[in-house]
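S.K.: The structure under discussion is supplied below as structure tokens; questions concerning it will follow.
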Amino acid sequence: EKPKPIKMANTPQDVRSYLTEHRIQPLFQALTASVLFHRPSNPRQYIKDLLGKMKQQKAKGKSKFPILFEEKDLITLFSRFDVLGQDHIVVEQARTALDSIAVRSFAEIPNQPIISKQQFVTIAKEALQRHQAFLMERL
């Protein structure tokens, strides 16, 4: 797609509308979360590779976003909050953990005080799937 000419008199509303329309912020949040979680030795190459995978998926007509977090990553994330090793965390910790991988707004967190490890992994996987579908709609 040919880039549109840049308007020099962009208002803050124009900028917000453009970012929303093209879903730039969720994409950058997902990439940033993945970089911060995985801490690759070459973050620029890591991002370039992820974007390349996205482009390949799009060219193949696949609607699946490259997997940024595997189950083992979600268990590791959970364990960062379960410092006592009780296999559960409080719901606010679950929200914070999901924020750290940029998917809290896609998560369906039950209205209960405690979240088990298995519940957290399930919630996170489902939120990641919804987030991935959202991102792939505009690629």
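Labels used: A, B, ... for chains in the order of the structure tokens, numbers from 1 for residues in each chain, and numbers from 1 for ligands as shown.
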List the spatial neighbours of range 33-39 of chain A as an NGL selection string - criterion: any atom at most 12 Å away, only C-alpha atoms, same-chain residues fewer than 3 positions off excluded.

M.R.: :A and (25-30 or 42-50 or 66-70 or 72-74 or 76-77 or 80 or 97-103 or 128)

S.K.: Which residues are near Ile89 in chain A? Cut-off 8 Å, only C-alpha atoms, ignore same chain within fewer than 2 positions. Put them as a list in words.

M.R.: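 The residues satisfying every condition are Phe81, Asp82, Gln86, Asp87, Val91, Gln93, Ala94, Ile114, Ile115, Ser116 and Lys117 of chain A.
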
S.K.: Report as an NGL selection string: the residues of chain A with a DSSP assignment of helix (DSSP H, G or I), based on the backbone of this structure.

M.R.: :A and (12-21 or 24-38 or 43-59 or 71-81 or 91-100 or 104-106 or 117-136)

S.K.: Work out how far CA of Lys53 in chain A is from CA of Gln132 in chain A, in Å to one decimal.

M.R.: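 Separation between CA of Gln132 in chain A and CA of Lys53 in chain A: 13.1 Å.
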
S.K.: Kindly indicate which residue among A:Arg23, A:Lys2, A:Arg95, A:His88 lies nearest to Ile109 in chain A, using only C-alpha atoms for the distances.

M.R.: A:Arg95

S.K.: For the atom pair CA of Ala124 in chain A and CA of Phe78 in chain A, what is the interatomic distance in Å to one decimal place?

M.R.: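 We find that CA of Ala124 in chain A and CA of Phe78 in chain A lie 10.0 Å from each other.
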
S.K.: One decimal, Å: what's the distance from CA of Ile75 in chain A over to CA of Ser41 in chain A, could you say?

M.R.: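 That distance, rounded to one decimal, is 22.2 Å.
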